[in-house]
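To keep things clear, I will list the structure first and then write my remarks on it.
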Amino acid sequence: MPSGKDYYRVLGVSEKASEAEIKKAYRRLAKRYHPDANPDNSSAAERFKEIGEAYGVLGNAEQRKKYDQMRKLGAFTGRGGFGGRGAGAGSAGPSTAYQDVDFGGFPGFGGLGDLFSSIFGKGKRADAAEPLEVAVRVPFRTAVLGGKVPVTIDVSEACPTCGGSGAAPGARITVCEECKGRGTVTFGQGGFAVTRPCPACRGRGKLPSEMCSKCGGSGDVSVQKRLLVTVPAATDSGQKVRLKGQGQRSTDGGPPGDLVVAFQVEPDRFFRREGLDIHCIVPINVAQAMLGTKVKVKTVSGGRVVLTVPRGTQPGRRFRIRGQGAQKNNAKGDQIVEIAVNLPEQLTPEQEAALRQFADTTGLSY
């Protein structure tokens with residue numbers, strides 16, 4: 001196993017280093033090996049990736065604890081064997097018989113097997129790409145009633161020029177010397193063997209004499225992908241849907257990752273939602289409030305309902321229109337209409353005189 005996989009050695013810190021020391025070491029090394037500071041330097045790019053991988057484990061208290069458990073078991077010192085035949089002290093020589101280990105099968109280590117897999121790779125099985133998450137704004141009515149919204153994402157797809165091979169048209173293809181055409185490389189340590197995709201050929205097993213000019217040999221190109229995503233009825237902000245296989249292309253030949261869409265519901269000028277109920281405010285004037293009236297109220301479905309406002313209605317009074325709210329499964333909400341009484345800011349002399357006469361006859365004080 002390469003010494004680079006000993007994350008303490010990668011960052012150049014001791015296993016007793018504090019959180020602050022680890023962070024300081026990471027920042028120093030990341031700045032030194034950043035791709036922007038080392039253009040066209042593939043080894044620096046690989047080193048930068050390795051540094052980030054190391055900090056991802058040692059910079060997380062829980063992951064570091066699991067990682068330290070692995071070190072105690074001898075995973076990085078050549079002490080442990082995990083039951084492998086021919087295991088002994090020191091690093092394994094060419095004659096050592098190794099036993100392939102499934103790192104997902106260590107019971108009682110609180111997810112230690114998952115951490116082993118993330119560090120050493122998962123053998124020859126090609127894994128799906130990591131899920132890609134995007135946030136999408138949804139109109140209020142679409143979120144209430146359900147519908148579809150367009151989503152545009154930037155993803156990597158197989159290069160159309162080379163078909164994902166990374167080879168220029170007509171290039172001579174030779175067997176990768178690093179992995180001898182297997183597409184994987186195996187490392188032995190302390191009595192067990194681990195296998196991961198070959199870094200030289202990216203798991204392909206072959207190398208072209210000339211790289212594809214379109215993708216630079218990566219086999220991937222960045223494209224914009226447009227989708228219509230279904231929004232379920234009664235969708236709330238923060239709600240997510242997962243679209244299988246609609247995310248990023250896998251870099252090692254595995255299936256594409258999933259696309260996770262997080263909805264952000266836009267506010268409406270007239271409606272607001274509480275649970276399955278739709279709320280709105282309808283203004284009327286003083287005369288309508290005192291004498292009663294009928295008003296047409298807009299509903300979220302796009303129709304209108306005639307609401308009878310009885311005489312003497314006070315500001316802030318609420319009326320319920322049954323069945324005009326959001327629907328989820330078999331439950332359906334109502335529309336709650338709150339009355340707002342608009343008072344005139346100015347009166348004509350005639351209006352003021354009439355209002356005073358009305359107040360006098362009814363005994364109202366002013």
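Within each chain, counting starts at residue 1; across the structure tokens, chains are named A, B, ... in the order shown, with ligands numbered 1 upward in that order.
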Residue set, range 135-348 of chain A restricted to strand (DSSP E), as a CSV table (one decimal) with N, CA and C atoms, in the first residue's frame:
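Okay, states-v3.csv is ready:
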```csv
chain,number,residue,atom,x,y,z
A,135,ALA,N,-30.7,23.3,-6.6
A,135,ALA,CA,-31.9,23.9,-6.0
A,135,ALA,C,-32.7,24.5,-7.2
A,136,VAL,N,-34.0,24.4,-7.2
A,136,VAL,CA,-34.9,24.9,-8.2
A,136,VAL,C,-36.0,25.7,-7.6
A,137,ARG,N,-36.2,26.9,-8.2
A,137,ARG,CA,-37.3,27.7,-7.7
A,137,ARG,C,-38.6,27.3,-8.4
A,138,VAL,N,-39.7,27.2,-7.6
A,138,VAL,CA,-41.0,26.7,-8.1
A,138,VAL,C,-42.0,27.8,-7.8
A,147,GLY,N,-47.1,19.9,-10.8
A,147,GLY,CA,-46.8,20.3,-12.2
A,147,GLY,C,-45.4,19.9,-12.5
A,148,LYS,N,-44.8,20.6,-13.5
A,148,LYS,CA,-43.4,20.4,-13.9
A,148,LYS,C,-42.7,21.7,-14.0
A,149,VAL,N,-41.4,21.6,-13.7
A,149,VAL,CA,-40.5,22.8,-13.8
A,149,VAL,C,-39.3,22.4,-14.6
A,150,PRO,N,-38.7,23.3,-15.5
A,150,PRO,CA,-37.5,23.0,-16.2
A,150,PRO,C,-36.3,23.1,-15.3
A,151,VAL,N,-35.3,22.2,-15.5
A,151,VAL,CA,-34.1,22.2,-14.7
A,151,VAL,C,-32.9,22.1,-15.7
A,152,THR,N,-31.9,23.0,-15.6
A,152,THR,CA,-30.7,22.9,-16.4
A,152,THR,C,-29.5,22.7,-15.5
A,153,ILE,N,-28.8,21.6,-15.8
A,153,ILE,CA,-27.6,21.3,-15.0
A,153,ILE,C,-26.4,21.1,-15.9
A,154,ASP,N,-25.2,21.4,-15.3
A,154,ASP,CA,-23.9,21.1,-16.0
A,154,ASP,C,-23.4,19.8,-15.5
A,155,VAL,N,-23.3,18.9,-16.5
A,155,VAL,CA,-22.8,17.5,-16.2
A,155,VAL,C,-21.7,17.1,-17.1
A,156,SER,N,-21.0,16.1,-16.8
A,156,SER,CA,-20.0,15.5,-17.6
A,156,SER,C,-20.6,14.3,-18.4
A,157,GLU,N,-20.3,14.2,-19.7
A,157,GLU,CA,-20.8,13.1,-20.5
A,157,GLU,C,-19.6,12.6,-21.3
A,158,ALA,N,-19.8,11.4,-21.9
A,158,ALA,CA,-18.8,10.8,-22.7
A,158,ALA,C,-18.5,11.7,-23.9
A,173,ILE,N,-3.5,2.2,-29.8
A,173,ILE,CA,-3.9,1.8,-28.5
A,173,ILE,C,-2.9,0.7,-28.0
A,174,THR,N,-2.3,0.9,-26.8
A,174,THR,CA,-1.4,-0.1,-26.3
A,174,THR,C,-1.9,-0.4,-24.9
A,175,VAL,N,-1.4,-1.6,-24.4
A,175,VAL,CA,-1.7,-2.0,-23.1
A,175,VAL,C,-1.0,-1.2,-22.0
A,184,THR,N,-6.8,-2.4,-13.1
A,184,THR,CA,-6.8,-2.3,-11.6
A,184,THR,C,-5.3,-2.5,-11.2
A,185,VAL,N,-5.0,-2.0,-10.0
A,185,VAL,CA,-3.7,-2.3,-9.4
A,185,VAL,C,-4.0,-2.8,-8.0
A,186,THR,N,-3.1,-3.7,-7.5
A,186,THR,CA,-3.3,-4.3,-6.2
A,186,THR,C,-2.1,-4.0,-5.3
A,187,PHE,N,-2.4,-3.7,-4.1
A,187,PHE,CA,-1.3,-3.4,-3.1
A,187,PHE,C,-1.4,-4.3,-2.0
A,188,GLY,N,-0.3,-4.8,-1.5
A,188,GLY,CA,-0.3,-5.7,-0.3
A,188,GLY,C,0.2,-5.0,0.9
A,189,GLN,N,-0.4,-5.3,2.1
A,189,GLN,CA,0.1,-4.7,3.3
A,189,GLN,C,-0.3,-5.6,4.5
A,192,PHE,N,-2.8,-8.7,3.8
A,192,PHE,CA,-4.0,-8.6,3.0
A,192,PHE,C,-3.7,-7.8,1.7
A,193,ALA,N,-4.6,-7.9,0.7
A,193,ALA,CA,-4.4,-7.2,-0.5
A,193,ALA,C,-5.6,-6.3,-0.8
A,194,VAL,N,-5.4,-5.1,-1.4
A,194,VAL,CA,-6.4,-4.2,-1.7
A,194,VAL,C,-6.3,-3.9,-3.2
A,195,THR,N,-7.4,-3.7,-3.9
A,195,THR,CA,-7.4,-3.5,-5.3
A,195,THR,C,-8.2,-2.2,-5.6
A,196,ARG,N,-7.6,-1.4,-6.5
A,196,ARG,CA,-8.3,-0.1,-6.9
A,196,ARG,C,-8.1,0.1,-8.3
A,197,PRO,N,-8.9,1.0,-9.0
A,197,PRO,CA,-8.7,1.3,-10.4
A,197,PRO,C,-7.3,1.9,-10.7
A,206,LYS,N,-5.9,0.3,-21.1
A,206,LYS,CA,-5.2,0.6,-22.3
A,206,LYS,C,-4.9,2.1,-22.3
A,207,LEU,N,-3.9,2.5,-23.1
A,207,LEU,CA,-3.5,3.9,-23.2
A,207,LEU,C,-3.3,4.2,-24.7
A,208,PRO,N,-3.8,5.4,-25.1
A,208,PRO,CA,-3.6,5.8,-26.5
A,208,PRO,C,-2.3,6.4,-26.8
A,220,ASP,N,-14.2,12.8,-21.0
A,220,ASP,CA,-15.4,13.5,-20.6
A,220,ASP,C,-15.5,14.9,-21.2
A,221,VAL,N,-16.7,15.4,-21.4
A,221,VAL,CA,-16.9,16.8,-21.8
A,221,VAL,C,-18.0,17.3,-20.9
A,222,SER,N,-18.0,18.6,-20.7
A,222,SER,CA,-19.0,19.3,-19.9
A,222,SER,C,-20.1,19.7,-20.8
A,223,VAL,N,-21.3,19.4,-20.5
A,223,VAL,CA,-22.5,19.7,-21.3
A,223,VAL,C,-23.6,20.2,-20.4
A,224,GLN,N,-24.6,21.0,-20.9
A,224,GLN,CA,-25.8,21.4,-20.2
A,224,GLN,C,-26.9,20.4,-20.5
A,225,LYS,N,-27.5,19.9,-19.4
A,225,LYS,CA,-28.5,18.9,-19.6
A,225,LYS,C,-29.8,19.6,-19.1
A,226,ARG,N,-30.9,19.5,-19.9
A,226,ARG,CA,-32.2,20.1,-19.6
A,226,ARG,C,-33.2,19.0,-19.3
A,227,LEU,N,-33.9,19.1,-18.2
A,227,LEU,CA,-34.9,18.2,-17.8
A,227,LEU,C,-36.2,18.9,-17.4
A,228,LEU,N,-37.3,18.1,-17.5
A,228,LEU,CA,-38.5,18.6,-16.9
A,228,LEU,C,-38.8,17.7,-15.6
A,229,VAL,N,-38.8,18.4,-14.5
A,229,VAL,CA,-38.9,17.7,-13.2
A,229,VAL,C,-40.3,17.8,-12.7
A,230,THR,N,-40.9,16.7,-12.3
A,230,THR,CA,-42.3,16.7,-11.7
A,230,THR,C,-42.3,17.2,-10.3
A,231,VAL,N,-43.1,18.2,-10.1
A,231,VAL,CA,-43.3,18.8,-8.7
A,231,VAL,C,-44.6,18.2,-8.1
A,240,LYS,N,-37.3,17.5,-1.4
A,240,LYS,CA,-36.4,17.0,-2.5
A,240,LYS,C,-37.0,15.8,-3.2
A,241,VAL,N,-36.6,15.7,-4.5
A,241,VAL,CA,-36.9,14.5,-5.2
A,241,VAL,C,-35.6,14.0,-5.8
A,242,ARG,N,-35.5,12.7,-5.9
A,242,ARG,CA,-34.2,12.0,-6.5
A,242,ARG,C,-34.6,11.4,-7.8
A,243,LEU,N,-33.8,11.8,-8.8
A,243,LEU,CA,-34.0,11.2,-10.2
A,243,LEU,C,-32.8,10.3,-10.4
A,259,LEU,N,-29.6,12.6,-9.6
A,259,LEU,CA,-29.8,14.0,-9.5
A,259,LEU,C,-30.8,14.3,-8.4
A,260,VAL,N,-30.4,15.0,-7.4
A,260,VAL,CA,-31.3,15.4,-6.3
A,260,VAL,C,-31.7,16.9,-6.5
A,261,VAL,N,-33.0,17.0,-6.6
A,261,VAL,CA,-33.6,18.4,-6.8
A,261,VAL,C,-34.3,18.9,-5.6
A,262,ALA,N,-33.8,20.0,-5.0
A,262,ALA,CA,-34.3,20.6,-3.8
A,262,ALA,C,-35.2,21.8,-4.3
A,263,PHE,N,-36.5,21.8,-3.9
A,263,PHE,CA,-37.4,22.8,-4.3
A,263,PHE,C,-37.4,24.0,-3.4
A,264,GLN,N,-37.5,25.2,-4.0
A,264,GLN,CA,-37.6,26.5,-3.2
A,264,GLN,C,-38.9,27.1,-3.8
A,265,VAL,N,-39.9,27.2,-2.9
A,265,VAL,CA,-41.2,27.7,-3.4
A,265,VAL,C,-41.2,29.2,-3.3
A,272,ARG,N,-50.9,32.8,0.5
A,272,ARG,CA,-49.8,32.2,1.3
A,272,ARG,C,-50.4,30.8,1.8
A,273,ARG,N,-49.5,29.9,2.2
A,273,ARG,CA,-50.0,28.6,2.6
A,273,ARG,C,-49.5,28.3,4.0
A,274,GLU,N,-50.4,27.6,4.7
A,274,GLU,CA,-50.2,27.1,6.0
A,274,GLU,C,-50.7,25.7,6.0
A,277,ASP,N,-53.9,24.5,4.0
A,277,ASP,CA,-54.8,25.7,3.9
A,277,ASP,C,-54.2,26.8,3.1
A,278,ILE,N,-54.9,27.5,2.3
A,278,ILE,CA,-54.5,28.6,1.5
A,278,ILE,C,-55.1,29.9,2.1
A,279,HIS,N,-54.3,30.9,2.5
A,279,HIS,CA,-54.8,32.1,3.1
A,279,HIS,C,-54.7,33.3,2.1
A,280,CYS,N,-55.6,34.2,2.3
A,280,CYS,CA,-55.5,35.4,1.5
A,280,CYS,C,-56.3,36.5,2.2
A,281,ILE,N,-56.0,37.8,1.8
A,281,ILE,CA,-56.7,38.9,2.4
A,281,ILE,C,-57.5,39.7,1.3
A,282,VAL,N,-58.7,39.9,1.6
A,282,VAL,CA,-59.6,40.6,0.6
A,282,VAL,C,-60.1,41.9,1.2
A,283,PRO,N,-59.8,43.1,0.6
A,283,PRO,CA,-60.2,44.4,1.1
A,283,PRO,C,-61.6,44.7,0.7
A,284,ILE,N,-62.3,45.4,1.6
A,284,ILE,CA,-63.6,46.0,1.3
A,284,ILE,C,-63.7,47.4,1.9
A,285,ASN,N,-64.7,48.2,1.5
A,285,ASN,CA,-64.7,49.5,2.1
A,285,ASN,C,-65.7,49.6,3.3
A,293,THR,N,-72.1,42.7,1.8
A,293,THR,CA,-71.8,42.8,0.3
A,293,THR,C,-71.5,41.4,-0.2
A,294,LYS,N,-71.3,41.2,-1.4
A,294,LYS,CA,-70.8,40.0,-2.0
A,294,LYS,C,-69.5,40.3,-2.8
A,295,VAL,N,-68.5,39.5,-2.6
A,295,VAL,CA,-67.2,39.8,-3.3
A,295,VAL,C,-66.8,38.5,-4.0
A,296,LYS,N,-66.1,38.7,-5.2
A,296,LYS,CA,-65.5,37.5,-5.9
A,296,LYS,C,-64.1,37.3,-5.4
A,297,VAL,N,-63.8,36.1,-4.9
A,297,VAL,CA,-62.5,35.8,-4.4
A,297,VAL,C,-61.8,34.8,-5.3
A,298,LYS,N,-60.6,35.2,-5.7
A,298,LYS,CA,-59.7,34.3,-6.5
A,298,LYS,C,-59.3,33.1,-5.7
A,304,ARG,N,-62.9,31.6,-9.5
A,304,ARG,CA,-63.3,32.6,-8.5
A,304,ARG,C,-64.5,32.0,-7.8
A,305,VAL,N,-64.7,32.4,-6.5
A,305,VAL,CA,-65.8,32.0,-5.7
A,305,VAL,C,-66.4,33.3,-5.1
A,306,VAL,N,-67.8,33.3,-5.1
A,306,VAL,CA,-68.5,34.4,-4.6
A,306,VAL,C,-68.7,34.2,-3.1
A,307,LEU,N,-68.2,35.2,-2.4
A,307,LEU,CA,-68.2,35.2,-0.9
A,307,LEU,C,-69.2,36.2,-0.4
A,308,THR,N,-70.1,35.8,0.5
A,308,THR,CA,-71.1,36.7,1.1
A,308,THR,C,-70.5,37.2,2.4
A,309,VAL,N,-70.4,38.6,2.4
A,309,VAL,CA,-69.9,39.3,3.6
A,309,VAL,C,-71.1,39.9,4.3
A,318,ARG,N,-62.5,36.3,9.6
A,318,ARG,CA,-62.1,35.3,8.6
A,318,ARG,C,-63.3,34.4,8.2
A,319,PHE,N,-63.3,34.0,6.9
A,319,PHE,CA,-64.3,33.1,6.3
A,319,PHE,C,-63.6,31.9,5.7
A,320,ARG,N,-64.2,30.8,5.8
A,320,ARG,CA,-63.6,29.5,5.3
A,320,ARG,C,-64.3,29.1,4.0
A,321,ILE,N,-63.6,28.9,2.9
A,321,ILE,CA,-64.2,28.3,1.7
A,321,ILE,C,-63.7,26.9,1.6
A,327,GLN,N,-54.0,19.9,-1.8
A,327,GLN,CA,-54.4,18.5,-1.6
A,327,GLN,C,-53.2,17.6,-1.6
A,328,LYS,N,-53.2,16.7,-0.6
A,328,LYS,CA,-52.1,15.8,-0.5
A,328,LYS,C,-52.6,14.4,-0.1
A,331,ALA,N,-56.2,14.0,1.7
A,331,ALA,CA,-56.5,15.1,2.5
A,331,ALA,C,-56.5,16.4,1.6
A,332,LYS,N,-57.5,17.3,1.9
A,332,LYS,CA,-57.5,18.5,1.2
A,332,LYS,C,-57.8,19.7,2.1
A,335,GLN,N,-59.6,27.3,1.8
A,335,GLN,CA,-59.1,28.6,1.6
A,335,GLN,C,-59.7,29.5,2.7
A,336,ILE,N,-58.8,30.2,3.4
A,336,ILE,CA,-59.2,31.1,4.5
A,336,ILE,C,-59.1,32.5,4.0
A,337,VAL,N,-60.2,33.2,4.0
A,337,VAL,CA,-60.3,34.6,3.5
A,337,VAL,C,-60.4,35.6,4.7
A,338,GLU,N,-59.4,36.5,4.9
A,338,GLU,CA,-59.4,37.5,5.9
A,338,GLU,C,-59.9,38.8,5.3
A,339,ILE,N,-60.8,39.4,6.0
A,339,ILE,CA,-61.4,40.7,5.5
A,339,ILE,C,-60.6,41.9,6.1
A,340,ALA,N,-60.2,42.8,5.2
A,340,ALA,CA,-59.5,44.0,5.6
A,340,ALA,C,-60.4,45.2,5.2
A,341,VAL,N,-60.7,46.0,6.1
A,341,VAL,CA,-61.6,47.2,5.8
A,341,VAL,C,-60.8,48.4,5.5
A,342,ASN,N,-60.9,48.9,4.3
A,342,ASN,CA,-60.1,50.1,3.9
A,342,ASN,C,-60.9,51.4,4.3
```
* Structure fact -> Students should find that CA of Ala233 in chain A and CA of Ala143 in chain A are spaced 6.0 Å
* Asked: How many Å lie between CA of Glu266 in chain A and CA of Gly238 in chain A, rounded to one decimal?
  -> 11.7 Å
* Asked: What is the distance between CA of Gly312 in chain A and CA of Pro344 in chain A, in Å to one decimal?
  ->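 Computed distance, CA of Gly312 in chain A to CA of Pro344 in chain A, equals 17.7 Å.
Shortest separation to Ala54 in chain A among A:Thr361, A:Val13, A:Gly181, A:Pro232 occurs at residue A:Val13, atoms counted being only C-alpha atoms.
Distances from A:Cys215, A:Arg317, A:Gly166, A:Gln324 to Gly303 in chain A were compared using only C-alpha atoms, and the smallest one belongs to A:Gln324.
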Neighbours of Ala25 in chain A within 8 Å (only C-alpha atoms; same-chain residues fewer than 4 positions away dropped), as a tab-separated table (two decimals) with N, CA and C atoms, in the first residue's frame?
```tsv
chain	number	residue	atom	x	y	z
A	11	LEU	N	-0.23	14.61	5.29
A	11	LEU	CA	-0.27	15.99	5.76
A	11	LEU	C	0.99	16.38	6.52
A	12	GLY	N	1.86	15.40	6.80
A	12	GLY	CA	3.10	15.71	7.50
A	12	GLY	C	2.90	16.11	8.95
A	13	VAL	N	1.95	15.47	9.63
A	13	VAL	CA	1.68	15.76	11.04
A	13	VAL	C	1.76	14.45	11.83
A	21	GLU	N	-3.64	22.11	14.17
A	21	GLU	CA	-2.40	21.75	13.47
A	21	GLU	C	-2.70	21.05	12.16
A	29	LEU	N	-0.28	22.91	2.49
A	29	LEU	CA	-0.03	21.98	1.39
A	29	LEU	C	-0.98	22.21	0.22
```
Using only C-alpha atoms, what table do you get, as a tab-separated table, when you list each residue of range 123-232 of chain A with an atom no more than 12 Å from range 30-43 of chain A, its nearest pair of atoms, and their distance in Å rounded to one decimal, rows by chain then rising number?
```
residue	atom	partner	partner_atom	distance
A:Pro199	CA	A:Ser43	CA	11.2
A:Ala200	CA	A:Ser42	CA	10.7
A:Gly216	CA	A:Asp40	CA	11.5
```
Deliver the residues from the most recent selection as a file, using C-alpha atoms, as a PDB file, in the first residue's frame.
```
ATOM      1  CA  PRO A 199      -4.489   5.706 -11.888  1.00  0.00           C
ATOM      2  CA  ALA A 200      -2.443   5.654 -15.090  1.00  0.00           C
ATOM      3  CA  GLY A 216      -7.697  16.172 -23.446  1.00  0.00           C
TER       4      GLY A 216
END
```
* Asked: Got a sec: who's within 6 Å of Ala326 in chain A, counting only C-alpha atoms, leaving out chain neighbours fewer than 5 positions off, as a ChimeraX atom specification?
  -> /A:144,234,276,332-333
Selection from above, C-alpha atoms, as a PDB file, in the first residue's frame, can you write it?
```pdb
ATOM      1  CA  VAL A 144     -49.633  23.837  -4.444  1.00  0.00           C
ATOM      2  CA  ALA A 234     -48.461  20.417  -1.817  1.00  0.00           C
ATOM      3  CA  LEU A 276     -52.879  22.428   3.356  1.00  0.00           C
ATOM      4  CA  LYS A 332     -57.542  18.537   1.167  1.00  0.00           C
ATOM      5  CA  GLY A 333     -57.288  21.952   2.783  1.00  0.00           C
TER       6      GLY A 333
END
```
